[in-house]
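*Asks:* Before I ask anything, here is the structure I am working with.
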Amino acid sequence: METIMEKTALVLGATGGVGGETARALVRHGWKVRGLVRNTRPGLDAVIEWIEGDAMDAAAVSGAAQGVAAIVHAVNPPGYRDWARLVPAMLANSIAAARANDARLVLPGTIYNYDPVATPVAQADSPQDSATRKGRIRVEMERSIEASGSAR
């Protein structure tokens, strides 16, 4: 049986806040971590195996995901813009890579999914009924992952 010390995770968005913290936490817990990054450069965390590529490129995500046990989808569109077009495509690439590798797909949660007027304090069973465009996209992302079976 494979031990956790032998498991590898791919983190998309490993140079960002949530993705970076997640990558470092995985390393602390004995995981080997790969990070997909648009451009490798000096100063990137040396304990992460950096692979140059873009989350919009299905082949790059698939190649980086070879043999991983988990994929952390913590990536946002460049400049945090054009969500409606870019986010579903990036997520589709992560879902396909997770399915191809029988890997668990992790999507960090956000408060975007909740209407702050209707849900001032979100609970585990609070309805995800966002009042914003980005929130509706995030809700759809979670539904897509659930439907794919990659969220196990």
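Starting from 1 in every chain, residues are counted up; chains themselves are A, B, ... following the order of the structure tokens, and ligands are numbered from 1 as listed.
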List every residue of chain A that DSSP, applied to the backbone of this structure, assigns to strand (DSSP E), and report them as a ChimeraX atom specification.
*Replies:* /A:8-12,32-37,49-52,70-73,104-106
*Asks:* DSSP says helix (DSSP H, G or I) for which residues of chain A? Put them as an MDAnalysis selection string?
*Replies:* chainID A and resid 4:6 17:28 58:64 78:80 83:101 111:113 133:148
*Asks:* Could you list, as a ChimeraX atom specification, every residue within 12 Å of Glu140 (chain A), counting only C-alpha atoms and ignoring same-chain residues fewer than 6 positions away?
*Replies:* /A:84,87-88,91-92,107,112-113,128-130,133-134,146-147
*Asks:* Find, counting only C-alpha atoms, the residue in A:Thr110, A:Thr8, A:Thr22, A:Asn101 that gets nearest to Arg34 (chain A).
*Replies:*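 Selected residue with least distance to Arg34 (chain A): A:Thr8.
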*Asks:* Applying 9 Å and only C-alpha atoms, which residues near Ala23 (chain A) remain after dropping the ones on its own chain fewer than 2 positions away? List them as a PyMOL selection string.
*Replies:* chain A and resi 9-11+14+18-21+25-28+31+33-35+48+72
